[in-house]
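Containing mmCIF, C-alpha atoms: data.cif.
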```
data_upload
loop_
_atom_site.label_atom_id
_atom_site.label_comp_id
_atom_site.auth_asym_id
_atom_site.auth_seq_id
_atom_site.Cartn_x
_atom_site.Cartn_y
_atom_site.Cartn_z
CA MET A 22 0.00 0.00 0.00
CA CYS A 23 1.17 3.48 -0.82
CA GLU A 24 -0.43 6.77 0.18
CA LYS A 25 0.26 10.49 -0.05
CA GLU A 26 -1.55 13.63 0.98
CA VAL A 27 -2.29 16.46 -1.42
CA THR A 28 -4.21 19.71 -1.16
CA VAL A 29 -6.56 20.65 -3.97
CA THR A 30 -5.62 24.13 -5.15
CA SER A 31 -7.53 24.47 -8.43
CA ASP A 32 -10.04 27.33 -8.31
CA ALA A 33 -13.18 25.39 -9.06
CA GLY A 34 -12.46 22.23 -7.05
CA VAL A 35 -12.96 18.81 -8.61
CA HIS A 36 -16.05 19.24 -10.78
CA ALA A 37 -17.03 17.03 -13.71
CA ARG A 38 -14.10 17.63 -16.05
CA PRO A 39 -11.25 17.42 -13.53
CA ALA A 40 -12.97 14.33 -12.08
CA MET A 41 -12.95 12.77 -15.52
CA MET A 42 -9.23 13.53 -15.96
CA LEU A 43 -8.53 12.00 -12.59
CA VAL A 44 -10.48 8.84 -13.32
CA LYS A 45 -8.92 8.54 -16.77
CA GLU A 46 -5.47 8.69 -15.19
CA ALA A 47 -6.44 6.17 -12.52
CA MET A 48 -7.78 3.74 -15.14
CA LYS A 49 -4.29 3.48 -16.64
CA PHE A 50 -3.10 1.56 -13.59
CA PRO A 51 -3.92 -2.01 -12.61
CA CYS A 52 -3.93 -1.28 -8.87
CA GLU A 53 -6.87 -0.12 -6.82
CA ILE A 54 -6.86 3.62 -6.21
CA PHE A 55 -8.75 5.45 -3.49
CA LEU A 56 -9.32 9.11 -2.68
CA VAL A 57 -9.93 9.76 0.98
CA LYS A 58 -11.58 12.96 2.18
CA ASP A 59 -12.14 13.14 5.94
CA ASP A 60 -13.74 9.78 6.69
CA THR A 61 -15.14 9.12 3.24
CA GLU A 62 -13.33 6.96 0.76
CA ALA A 63 -14.00 7.14 -2.97
CA ASN A 64 -12.96 4.77 -5.69
CA GLY A 65 -10.51 6.63 -7.92
CA LYS A 66 -11.69 4.71 -10.96
CA SER A 67 -15.33 5.65 -10.60
CA ILE A 68 -16.44 9.06 -11.78
CA MET A 69 -19.61 9.07 -9.64
CA SER A 70 -17.62 8.12 -6.59
CA VAL A 71 -15.14 10.97 -7.15
CA LEU A 72 -17.93 13.48 -7.80
CA ALA A 73 -19.77 12.41 -4.66
CA LEU A 74 -16.80 13.51 -2.56
CA ALA A 75 -17.58 17.11 -3.55
CA ILE A 76 -13.94 18.15 -3.42
CA THR A 77 -13.79 21.91 -2.91
CA PRO A 78 -10.69 24.08 -3.31
CA GLY A 79 -8.49 23.73 -0.26
CA THR A 80 -9.59 20.18 0.51
CA LYS A 81 -6.89 17.87 1.83
CA LEU A 82 -7.04 14.50 0.12
CA VAL A 83 -5.21 11.29 0.80
CA ILE A 84 -4.47 9.32 -2.35
CA ARG A 85 -4.02 5.64 -1.68
CA ALA A 86 -3.20 2.79 -4.01
CA GLU A 87 -2.97 -0.93 -3.44
CA GLY A 88 -1.50 -3.40 -5.88
CA GLU A 89 0.68 -3.39 -8.98
CA ARG A 90 2.49 -0.10 -9.74
CA GLU A 91 0.94 1.55 -6.71
CA GLU A 92 3.68 4.10 -6.13
CA GLU A 93 3.68 5.28 -9.71
CA ALA A 94 -0.12 5.57 -9.61
CA VAL A 95 -0.13 7.67 -6.44
CA ASP A 96 2.59 9.95 -7.85
CA ARG A 97 0.68 10.50 -11.07
CA ILE A 98 -2.62 11.29 -9.34
CA VAL A 99 -0.94 13.57 -6.80
CA GLY A 100 0.93 15.28 -9.66
CA LEU A 101 -2.28 15.82 -11.57
CA ILE A 102 -4.03 17.40 -8.59
CA ALA A 103 -0.99 19.49 -7.63
CA SER A 104 -0.77 20.86 -11.18
CA ASP A 105 -4.40 22.04 -10.94
CA PHE A 106 -5.32 19.54 -13.67
CA GLN A 107 -3.16 21.31 -16.24
CA GLN A 108 -1.13 18.23 -17.20
CA MET B 8 -16.25 2.17 10.38
CA MET B 9 -16.95 5.30 12.30
CA LYS B 10 -19.27 6.55 14.97
CA LYS B 11 -20.59 10.06 14.63
CA LYS B 12 -20.67 12.47 17.51
CA ILE B 13 -23.73 14.38 18.57
CA PHE B 14 -23.71 17.56 20.62
CA ILE B 15 -26.36 19.34 22.64
CA ARG B 16 -26.45 22.12 20.06
CA ASP B 17 -27.52 19.47 17.48
CA LEU B 18 -30.71 18.85 19.45
CA LEU B 19 -31.65 22.49 19.01
CA GLU B 20 -30.98 22.43 15.29
CA VAL B 21 -32.79 19.24 14.38
CA SER B 22 -35.72 19.91 12.14
CA GLU B 23 -36.79 16.52 10.72
CA THR B 24 -37.73 14.86 13.98
CA ASP B 25 -38.56 18.18 15.56
CA LEU B 26 -37.96 17.86 19.25
CA ARG B 27 -39.23 21.46 19.49
CA LEU B 28 -36.54 22.39 22.00
CA LYS B 29 -35.73 25.90 23.13
CA LEU B 30 -32.79 27.01 25.21
CA LEU B 31 -33.50 28.74 28.53
CA ALA B 32 -30.07 29.00 30.12
CA GLY B 33 -26.53 27.64 30.17
CA GLU B 34 -25.63 28.55 26.60
CA THR B 35 -21.93 28.15 27.30
CA GLY B 36 -22.46 24.40 27.65
CA ILE B 37 -24.21 23.65 24.36
CA ASP B 38 -21.04 22.36 22.73
CA LYS B 39 -20.88 19.40 25.10
CA GLU B 40 -21.04 16.00 23.49
CA ILE B 41 -23.89 13.62 24.28
CA PRO B 42 -22.06 10.37 25.07
CA GLU B 43 -24.98 7.96 25.23
CA ALA B 44 -28.65 7.65 24.41
CA GLU B 45 -29.67 6.78 27.96
CA ILE B 46 -31.54 9.47 29.89
CA ASN B 47 -32.07 10.05 33.60
CA ARG B 48 -35.12 11.19 35.57
CA PRO B 49 -33.55 13.11 38.46
CA GLY B 50 -36.53 12.87 40.85
CA LEU B 51 -34.72 10.70 43.35
CA SER B 52 -31.63 12.91 43.36
CA LEU B 53 -33.71 16.05 43.99
CA THR B 54 -35.04 14.43 47.16
CA GLY B 55 -31.45 14.04 48.32
CA PHE B 56 -30.55 10.50 47.26
CA PHE B 57 -27.46 10.79 45.07
CA ASP B 58 -26.22 7.19 44.95
CA PHE B 59 -25.91 6.00 41.35
CA PHE B 60 -26.78 9.51 40.14
CA ALA B 61 -26.27 9.38 36.35
CA PHE B 62 -25.30 13.06 36.06
CA ASP B 63 -23.55 12.54 32.71
CA ARG B 64 -26.81 11.69 30.96
CA ILE B 65 -29.50 14.07 29.81
CA GLN B 66 -31.72 14.89 32.81
CA ILE B 67 -35.43 14.88 31.98
CA PHE B 68 -37.67 16.97 34.23
CA GLY B 69 -41.25 15.83 33.77
CA LYS B 70 -44.38 17.09 35.48
CA GLY B 71 -43.39 15.27 38.69
CA GLU B 72 -39.94 16.83 39.08
CA THR B 73 -41.21 20.32 38.23
CA ALA B 74 -44.10 20.08 40.70
CA TYR B 75 -41.81 18.72 43.42
CA LEU B 76 -39.51 21.75 43.18
CA LYS B 77 -42.45 24.12 43.65
CA ASN B 78 -42.95 22.86 47.21
CA PHE B 79 -39.95 24.53 48.74
CA SER B 80 -38.71 27.87 49.93
CA ASP B 81 -35.71 29.48 48.23
CA GLN B 82 -33.55 28.55 51.18
CA LYS B 83 -34.35 24.84 50.85
CA LEU B 84 -34.01 25.03 47.05
CA THR B 85 -30.54 26.54 47.38
CA GLU B 86 -29.60 23.55 49.47
CA ILE B 87 -30.96 21.11 46.86
CA PHE B 88 -29.39 22.91 43.90
CA ASP B 89 -26.01 23.30 45.63
CA LYS B 90 -25.82 19.53 45.81
CA PHE B 91 -27.41 18.88 42.40
CA PHE B 92 -25.17 21.30 40.51
CA SER B 93 -22.06 20.12 42.35
CA TYR B 94 -22.13 17.28 39.82
CA ASN B 95 -20.99 17.92 36.27
CA ILE B 96 -24.53 17.80 34.86
CA LEU B 97 -24.69 17.28 31.09
CA CYS B 98 -27.96 19.03 30.35
CA CYS B 99 -31.54 19.35 31.70
CA ILE B 100 -34.70 19.24 29.62
CA PHE B 101 -38.12 20.26 30.89
CA THR B 102 -41.17 18.75 29.16
CA HIS B 103 -44.79 19.99 28.95
CA SER B 104 -43.46 23.54 28.34
CA ASP B 105 -42.57 23.78 32.01
CA HIS B 106 -39.98 26.35 33.05
CA PRO B 107 -37.79 26.01 36.12
CA SER B 108 -37.44 28.81 38.71
CA ARG B 109 -35.14 31.79 38.24
CA LEU B 110 -32.89 30.33 40.92
CA PHE B 111 -32.46 27.07 38.98
CA LEU B 112 -31.56 29.02 35.82
CA ASP B 113 -29.01 31.10 37.71
CA TYR B 114 -27.28 27.95 38.90
CA ALA B 115 -27.32 26.57 35.35
CA ASN B 116 -25.84 29.75 33.88
CA LYS B 117 -23.12 29.78 36.49
CA LYS B 118 -22.19 26.14 35.86
CA GLY B 119 -22.71 26.20 32.09
CA VAL B 120 -25.39 23.51 32.15
CA PRO B 121 -27.75 23.92 29.19
CA ILE B 122 -31.41 24.07 30.25
CA LEU B 123 -33.95 23.39 27.53
CA PHE B 124 -37.68 22.96 27.38
CA THR B 125 -40.12 21.37 24.97
CA ASP B 126 -43.90 21.27 24.68
CA HIS B 127 -43.88 17.48 24.08
CA PRO B 128 -45.15 15.22 26.85
CA THR B 129 -42.40 13.32 28.68
CA THR B 130 -42.67 9.73 27.41
CA ARG B 131 -43.15 10.75 23.80
CA PHE B 132 -40.24 13.17 24.04
CA VAL B 133 -37.93 10.60 25.61
CA SER B 134 -38.65 8.08 22.88
CA MET B 135 -37.99 10.68 20.17
CA LEU B 136 -34.79 11.79 21.86
CA THR B 137 -33.34 8.31 22.37
CA HIS B 138 -34.20 7.37 18.78
CA LEU B 139 -32.42 10.48 17.53
CA ILE B 140 -29.28 9.83 19.56
CA TYR B 141 -29.20 6.14 18.61
CA GLN B 142 -29.48 7.14 14.95
CA ALA B 143 -26.65 9.64 15.30
CA HIS B 144 -24.46 7.08 17.05
CA ALA B 145 -25.17 4.31 14.52
CA PRO B 146 -21.92 3.06 12.96
CA THR B 147 -21.59 4.01 9.29
CA THR B 148 -19.32 3.17 6.41
CA THR B 149 -19.18 3.78 2.69
CA ILE B 150 -18.71 1.04 0.18
CA HIS B 151 -18.04 0.92 -3.55
CA GLY B 152 -21.04 -0.80 -5.04
CA THR B 153 -24.51 -0.35 -6.46
CA LEU B 154 -27.69 -0.77 -4.45
CA VAL B 155 -30.94 -1.77 -6.12
CA ASP B 156 -34.32 -2.71 -4.68
CA VAL B 157 -35.27 -5.91 -6.51
CA PHE B 158 -38.75 -7.24 -5.70
CA GLY B 159 -38.49 -5.59 -2.29
CA ILE B 160 -35.09 -7.12 -1.52
CA GLY B 161 -32.20 -4.66 -1.21
CA VAL B 162 -29.46 -6.14 -3.40
CA LEU B 163 -25.97 -4.67 -3.12
CA LEU B 164 -23.92 -5.33 -6.25
CA LEU B 165 -20.18 -5.46 -5.62
CA GLY B 166 -17.26 -5.92 -7.98
CA LYS B 167 -14.38 -4.16 -9.66
CA SER B 168 -14.81 -1.07 -11.80
CA GLY B 169 -15.95 -2.06 -15.25
CA VAL B 170 -17.40 -5.45 -14.31
CA GLY B 171 -20.89 -4.18 -15.12
CA LYS B 172 -22.55 -3.14 -11.86
CA SER B 173 -24.07 0.02 -13.29
CA GLU B 174 -25.17 -1.74 -16.48
CA THR B 175 -26.83 -4.44 -14.38
CA ALA B 176 -28.58 -1.76 -12.33
CA LEU B 177 -29.76 -0.02 -15.49
CA GLU B 178 -31.25 -3.23 -16.87
CA LEU B 179 -32.91 -3.91 -13.49
CA VAL B 180 -34.44 -0.41 -13.50
CA GLU B 181 -35.63 -1.03 -17.05
CA ARG B 182 -37.33 -4.20 -15.76
CA GLY B 183 -39.22 -2.17 -13.14
CA HIS B 184 -36.90 -2.33 -10.14
CA ARG B 185 -35.58 0.64 -8.20
CA LEU B 186 -32.17 2.24 -7.99
CA VAL B 187 -31.03 3.36 -4.54
CA ALA B 188 -27.40 4.30 -5.11
CA ASP B 189 -24.73 3.81 -7.73
CA ASP B 190 -21.01 3.55 -7.05
CA LEU B 191 -20.85 5.06 -3.56
CA VAL B 192 -23.24 3.50 -1.05
CA GLU B 193 -23.48 4.94 2.45
CA ILE B 194 -24.27 2.21 4.94
CA LYS B 195 -25.67 2.68 8.41
CA LYS B 196 -26.15 0.00 11.02
CA ASN B 197 -29.52 0.67 12.59
CA ASP B 198 -29.49 -2.20 15.04
CA ASP B 199 -27.54 -5.39 15.48
CA LEU B 200 -29.11 -7.20 12.53
CA LEU B 201 -29.98 -4.49 10.11
CA ILE B 202 -27.96 -2.36 7.72
CA MET B 203 -29.47 0.40 5.62
CA GLY B 204 -27.92 1.72 2.42
CA SER B 205 -28.44 5.08 0.77
CA GLY B 206 -26.77 7.27 -1.81
CA SER B 207 -24.81 10.42 -1.21
CA ASN B 208 -27.09 13.47 -1.37
CA LEU B 209 -25.12 15.04 -4.14
CA ILE B 210 -25.14 12.25 -6.71
CA ARG B 211 -28.39 10.59 -5.65
CA HIS B 212 -30.04 8.57 -8.42
CA HIS B 213 -27.34 9.33 -10.95
CA ILE B 214 -25.55 6.54 -12.72
CA GLU B 215 -22.56 6.44 -15.04
CA ILE B 216 -22.73 4.21 -18.07
CA ARG B 217 -19.59 3.88 -20.19
CA GLY B 218 -20.31 5.35 -23.58
CA LEU B 219 -23.26 7.44 -22.37
CA GLY B 220 -21.81 9.31 -19.42
CA ILE B 221 -23.76 10.47 -16.40
CA LEU B 222 -27.50 9.83 -16.42
CA ASN B 223 -30.21 10.92 -14.02
CA ILE B 224 -32.29 7.77 -13.58
CA ARG B 225 -35.09 9.61 -11.84
CA ASP B 226 -35.49 12.04 -14.74
CA ILE B 227 -35.34 9.31 -17.37
CA TYR B 228 -37.48 6.59 -15.76
CA GLY B 229 -39.53 8.62 -13.30
CA ILE B 230 -40.18 8.50 -9.61
CA ARG B 231 -41.12 4.81 -9.54
CA SER B 232 -37.58 3.86 -10.62
CA VAL B 233 -35.82 5.17 -7.53
CA ARG B 234 -35.88 5.14 -3.77
CA ASN B 235 -33.75 6.92 -1.19
CA ARG B 236 -32.76 4.13 1.16
CA LYS B 237 -33.17 0.42 1.48
CA ARG B 238 -32.22 -2.31 3.89
CA ILE B 239 -29.44 -4.45 2.42
CA GLU B 240 -30.52 -8.09 2.45
CA LEU B 241 -28.47 -9.69 -0.30
CA ILE B 242 -24.99 -9.09 -1.63
CA ALA B 243 -24.09 -10.12 -5.14
CA SER B 244 -20.41 -9.97 -6.07
CA LEU B 245 -19.94 -9.75 -9.81
CA GLU B 246 -16.59 -11.01 -11.03
CA ASP B 247 -14.99 -11.96 -14.29
CA TRP B 248 -15.36 -15.67 -14.96
CA ASP B 249 -12.27 -17.42 -13.64
CA GLU B 250 -11.72 -20.86 -15.19
CA THR B 251 -9.65 -22.00 -12.24
CA LYS B 252 -12.24 -21.15 -9.64
CA THR B 253 -15.10 -23.37 -8.52
CA TYR B 254 -18.44 -21.61 -8.35
CA ASP B 255 -21.38 -22.65 -6.24
CA ARG B 256 -23.36 -25.27 -8.14
CA LEU B 257 -25.78 -26.41 -5.44
CA GLY B 258 -26.75 -23.44 -3.29
CA ILE B 259 -27.10 -25.68 -0.25
CA ASP B 260 -24.41 -23.98 1.79
CA GLU B 261 -25.22 -20.41 2.61
CA ARG B 262 -22.34 -17.99 2.52
CA THR B 263 -22.45 -14.53 4.06
CA TYR B 264 -20.61 -11.23 3.68
CA SER B 265 -19.93 -9.09 6.71
CA ILE B 266 -20.62 -5.35 6.68
CA LEU B 267 -20.38 -3.44 9.98
CA GLU B 268 -20.38 -6.85 11.67
CA VAL B 269 -23.77 -7.75 10.17
CA GLU B 270 -23.75 -11.02 8.23
CA VAL B 271 -25.63 -10.66 4.94
CA PRO B 272 -26.40 -13.55 2.52
CA HIS B 273 -23.82 -13.45 -0.26
CA ILE B 274 -23.70 -14.86 -3.76
CA ILE B 275 -20.84 -14.73 -6.24
CA VAL B 276 -21.98 -14.25 -9.81
CA PRO B 277 -19.37 -14.98 -12.47
CA VAL B 278 -19.77 -12.70 -15.45
CA ARG B 279 -19.13 -13.66 -19.05
CA PRO B 280 -20.73 -12.81 -22.36
CA GLY B 281 -24.06 -14.53 -22.77
CA ARG B 282 -24.91 -14.66 -19.08
CA ASN B 283 -27.85 -12.41 -18.35
CA ILE B 284 -26.76 -10.93 -15.01
CA PRO B 285 -29.93 -8.89 -14.27
CA VAL B 286 -32.07 -12.03 -14.60
CA ILE B 287 -29.70 -13.91 -12.31
CA VAL B 288 -29.89 -11.10 -9.74
CA GLU B 289 -33.70 -11.05 -10.00
CA THR B 290 -33.86 -14.80 -9.49
CA ALA B 291 -31.45 -14.62 -6.55
CA ALA B 292 -33.72 -12.01 -4.92
CA LEU B 293 -36.79 -14.19 -5.48
CA ASN B 294 -34.95 -17.25 -4.19
CA LEU B 295 -33.97 -15.33 -1.04
CA ARG B 296 -37.60 -14.41 -0.46
CA LEU B 297 -38.52 -18.05 -0.88
CA LYS B 298 -35.85 -19.08 1.62
CA LYS B 299 -37.14 -16.50 4.10
CA MET B 300 -40.53 -18.17 3.80
CA GLY B 301 -38.88 -21.48 4.61
CA VAL B 302 -38.54 -22.98 1.13
CA ASN B 303 -35.06 -24.00 -0.02
CA SER B 304 -35.10 -25.39 -3.59
CA ALA B 305 -31.69 -27.03 -3.39
CA LYS B 306 -32.34 -28.70 -0.04
CA GLU B 307 -35.77 -29.89 -1.12
CA LEU B 308 -34.47 -31.49 -4.31
CA ASP B 309 -31.73 -33.16 -2.32
CA GLN B 310 -34.26 -34.49 0.17
CA LYS B 311 -36.45 -35.81 -2.63
CA LEU B 312 -33.46 -37.58 -4.14
CA GLN B 313 -32.43 -39.13 -0.84
CA ASP B 314 -36.00 -40.33 -0.19
CA TRP B 315 -36.13 -41.90 -3.63
CA MET B 316 -32.86 -43.70 -3.07
CA LYS B 317 -34.18 -45.14 0.18
CA THR B 318 -37.64 -46.21 -0.89
CA GLY B 319 -37.60 -46.31 -4.65
CA ASN B 320 -40.52 -43.92 -5.06
CA VAL B 321 -40.98 -40.18 -4.79
#
```
Please rewrite the model in this file as structure tokens.
Amino acid sequence: MCEKEVTVTSDAGVHARPAMMLVKEAMKFPCEIFLVKDDTEANGKSIMSVLALAITPGTKLVIRAEGEREEEAVDRIVGLIASDFQQ
Amino acid sequence: MMKKKIFIRDLLEVSETDLRLKLLAGETGIDKEIPEAEINRPGLSLTGFFDFFAFDRIQIFGKGETAYLKNFSDQKLTEIFDKFFSYNILCCIFTHSDHPSRLFLDYANKKGVPILFTDHPTTRFVSMLTHLIYQAHAPTTTIHGTLVDVFGIGVLLLGKSGVGKSETALELVERGHRLVADDLVEIKKNDDLLIMGSGSNLIRHHIEIRGLGILNIRDIYGIRSVRNRKRIELIASLEDWDETKTYDRLGIDERTYSILEVEVPHIIVPVRPGRNIPVIVETAALNLRLKKMGVNSAKELDQKLQDWMKTGNV
């Protein structure tokens, strides 16, 4: 298991399009990927799950991956969020 | 698994159950947490008997307690309240719209003990209050899955992303069943044997279908295609067909899946082209209903077979 914390800094938070980019990135990896906000855990490969988290600007998220290529997956997702979805 | 906290201020804000509470004094104490759903009637303590005094519970003053306190002079009341408020009282609630004396409120303000009143009668109020606190304390969790009401049975579909949970739910809705939640199911344990599932407020009744995107099931299929919460009674794990794995062929042994320590009947449904998963889920729901009524197809057939082998006729 690998996990890292990241703060969402993009102005509009994670609305539909950023959520789609995030899920698309997550789908490239074979491991399971989770986004944790407070006590709620979302499946990083499910767009509805990510949207349901209602991630507002300033939210602290924990990105967690379990399985094959987990570290690479966490780095990529964290990178995407940290770059305000500009990648 | 987590347990939510509830504070005295939450009682004042609740609108759904409407305890109709108003604050009289002790505002500085309204951020105290309510640790348990038990309440205490302080009658005995007011008479001077303080053994086993459950001061850390909500104190309910009914008609009896209020009337009792009207019998005394201020001097005697000071004596009673000195002792009563020497404990770290959580909170006092007066029913029947009764208000305590000025003296009582002064003590409460000084000690930061919230004093509230309601117009509800005592027993009714206590049952509403305990229900509310139990609900707030109920353990909850979220799970990645899809919850559908199939013939009145709450079926939770589990499985990896892309295995076809949402598509199965869509087909079930098309066949007249109801969607509760897609992808993120919030689960609450209401008592030791019962877990309820619901969707997150924000994405309620939406579903994502690859190739179509996000759909609002309620808008497309109407109000009869959705419901807000449902007890989870059957869990169906969808998984890609694995040649090396042995799947249940008899259905005699009953397996269960544990959520919040509640054991729920569990079936594993292997998915491969040509298998109509919605029909299998429907049949599993019907079969569960049959089992609940005491009929077990697999066991009955086995019994019939064994009888025949013994006697030579059925």
Do you have, as a Markdown table, the list of residues of chain A lying at most 10 Å from chain B, each with its nearest atom pair and that distance in Å to one decimal, counting all atoms listed in the file and ordered by chain then number?
```
| residue | atom | partner | partner_atom | distance |
| --- | --- | --- | --- | --- |
| A:Ala37 | CA | B:Ile221 | CA | 9.8 |
| A:Met48 | CA | B:Ser168 | CA | 9.1 |
| A:Glu53 | CA | B:Lys167 | CA | 9.0 |
| A:Asp60 | CA | B:Met9 | CA | 7.9 |
| A:Thr61 | CA | B:Thr149 | CA | 6.7 |
| A:Glu62 | CA | B:Thr149 | CA | 6.9 |
| A:Ala63 | CA | B:Leu191 | CA | 7.2 |
| A:Asn64 | CA | B:His151 | CA | 6.7 |
| A:Gly65 | CA | B:Ser168 | CA | 9.6 |
| A:Lys66 | CA | B:Ser168 | CA | 6.6 |
| A:Ser67 | CA | B:Ser168 | CA | 6.8 |
| A:Ile68 | CA | B:Glu215 | CA | 7.4 |
| A:Met69 | CA | B:Asp190 | CA | 6.3 |
| A:Ser70 | CA | B:Leu191 | CA | 5.4 |
| A:Val71 | CA | B:Leu191 | CA | 9.0 |
| A:Leu72 | CA | B:Ile210 | CA | 7.4 |
| A:Ala73 | CA | B:Ile210 | CA | 5.8 |
| A:Leu74 | CA | B:Leu209 | CA | 8.6 |
| A:Ala75 | CA | B:Leu209 | CA | 7.8 |
```
Review point. Which polymer residues have any atom within 8 Å of an atom of region 10-19 of chain B, counting all atoms listed in the file, with same-chain residues fewer than 2 positions away left out, as a VMD selection string?
Key: chain B and resid 8 21 26 to 30 37 to 42 98 140 143 to 147
**Study point:** Selection near Asp105 (chain A), 10 Å with all atoms listed in the file, sequence-local residues under 5 positions removed, as a ChimeraX atom specification
**Key:** /A:29-35,39,100
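Atom pair CA of Asn95 (chain B) / CA of Val133 (chain B) has a distance of 21.3 Å (rounded to one decimal).
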Check your understanding: What would the list of residues within 9 Å of (-24.2, -5.7, -10.9) (file frame) look like as a ChimeraX atom specification, if all atoms listed in the file are what count?
Key -> /B:152-154,163-166,170-176,243-245,276,284-285,288
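One finds CA of Lys49 (chain A) at 22.2 Å from CA of Trp248 (chain B).
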Exercise for review: Identify which of the residues B:Asp198, B:Glu72, B:Asp260, B:Asp156 lies closest to Lys237 (chain B), counting only C-alpha atoms when measuring atom-to-atom distances.
Suggested key: B:Asp156
Counting only C-alpha atoms, what is within 8 Å of Glu240 (chain B), bar same-chain residues fewer than 6 positions away, as a compact mmCIF listing (two decimals) with C-alpha atoms, keeping the file's coordinate frame?
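out_20.txt, freshly written:
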```txt
# COMPACT_ATOMS: atom_id res chain seq x y z
CA ILE B 160 -35.09 -7.12 -1.52
CA GLY B 161 -32.20 -4.66 -1.21
CA VAL B 162 -29.46 -6.14 -3.40
CA LEU B 163 -25.97 -4.67 -3.12
CA VAL B 271 -25.63 -10.66 4.94
CA PRO B 272 -26.40 -13.55 2.52
```
Exercise for review: Can you pull out every residue within 10 Å of Lys25 (chain A), counting all atoms listed in the file, but drop anything in the same chain fewer than 5 positions away, and send it as a PyMOL selection string?
Suggested key: chain A and resi 82-86+92+95-96+98-99
Point to revise | Ground truth for the PyMOL selection byres ((chain B and resi 75-77) around 12), written as JSON, numbers by chain | key: {"B": [49, 50, 51, 52, 53, 54, 68, 69, 70, 71, 72, 73, 74, 78, 79, 80, 81, 83, 84, 85, 86, 87, 88, 105, 106, 107, 108, 109, 110, 111]}
Practice item. Please provide the set of residues having any atom within 10 Å of Arg231 (chain B), restricted to all atoms listed in the file, with same-chain residues fewer than 2 positions apart removed, written as a VMD selection string. Key: chain B and resid 180 183 to 186 225 228 to 229 233 to 234
Would you mind exporting C-alpha atoms of the selected residues as an mmCIF file, keeping the file's coordinate frame?
```cif
data_model
loop_
_atom_site.group_PDB
_atom_site.id
_atom_site.type_symbol
_atom_site.label_atom_id
_atom_site.label_comp_id
_atom_site.auth_asym_id
_atom_site.auth_seq_id
_atom_site.Cartn_x
_atom_site.Cartn_y
_atom_site.Cartn_z
ATOM 1 C CA VAL B 180 -34.440 -0.410 -13.500
ATOM 2 C CA GLY B 183 -39.220 -2.170 -13.140
ATOM 3 C CA HIS B 184 -36.900 -2.330 -10.140
ATOM 4 C CA ARG B 185 -35.580 0.640 -8.200
ATOM 5 C CA LEU B 186 -32.170 2.240 -7.990
ATOM 6 C CA ARG B 225 -35.090 9.610 -11.840
ATOM 7 C CA TYR B 228 -37.480 6.590 -15.760
ATOM 8 C CA GLY B 229 -39.530 8.620 -13.300
ATOM 9 C CA VAL B 233 -35.820 5.170 -7.530
ATOM 10 C CA ARG B 234 -35.880 5.140 -3.770
#
```
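The two atoms in question, CA of Ile275 (chain B) and CA of Asp249 (chain B), are spaced 11.6 Å apart.
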Exercise for review: Using the chain letters and residue numbers of this document, give as a PyMOL selection string the residues selected by the PyMOL selection byres ((chain B and resi 199) around 12).
Suggested key: chain B and resi 145-146+195-198+200-203+266-271
Any chance you can output those residues with C-alpha atoms as a short mmCIF file (atom, residue, chain, number, x, y, z; two decimals), in the frame of the given file?
```cif
data_model
loop_
_atom_site.label_atom_id
_atom_site.label_comp_id
_atom_site.auth_asym_id
_atom_site.auth_seq_id
_atom_site.Cartn_x
_atom_site.Cartn_y
_atom_site.Cartn_z
CA ALA B 145 -25.17 4.31 14.52
CA PRO B 146 -21.92 3.06 12.96
CA LYS B 195 -25.67 2.68 8.41
CA LYS B 196 -26.15 0.00 11.02
CA ASN B 197 -29.52 0.67 12.59
CA ASP B 198 -29.49 -2.20 15.04
CA LEU B 200 -29.11 -7.20 12.53
CA LEU B 201 -29.98 -4.49 10.11
CA ILE B 202 -27.96 -2.36 7.72
CA MET B 203 -29.47 0.40 5.62
CA ILE B 266 -20.62 -5.35 6.68
CA LEU B 267 -20.38 -3.44 9.98
CA GLU B 268 -20.38 -6.85 11.67
CA VAL B 269 -23.77 -7.75 10.17
CA GLU B 270 -23.75 -11.02 8.23
CA VAL B 271 -25.63 -10.66 4.94
#
```
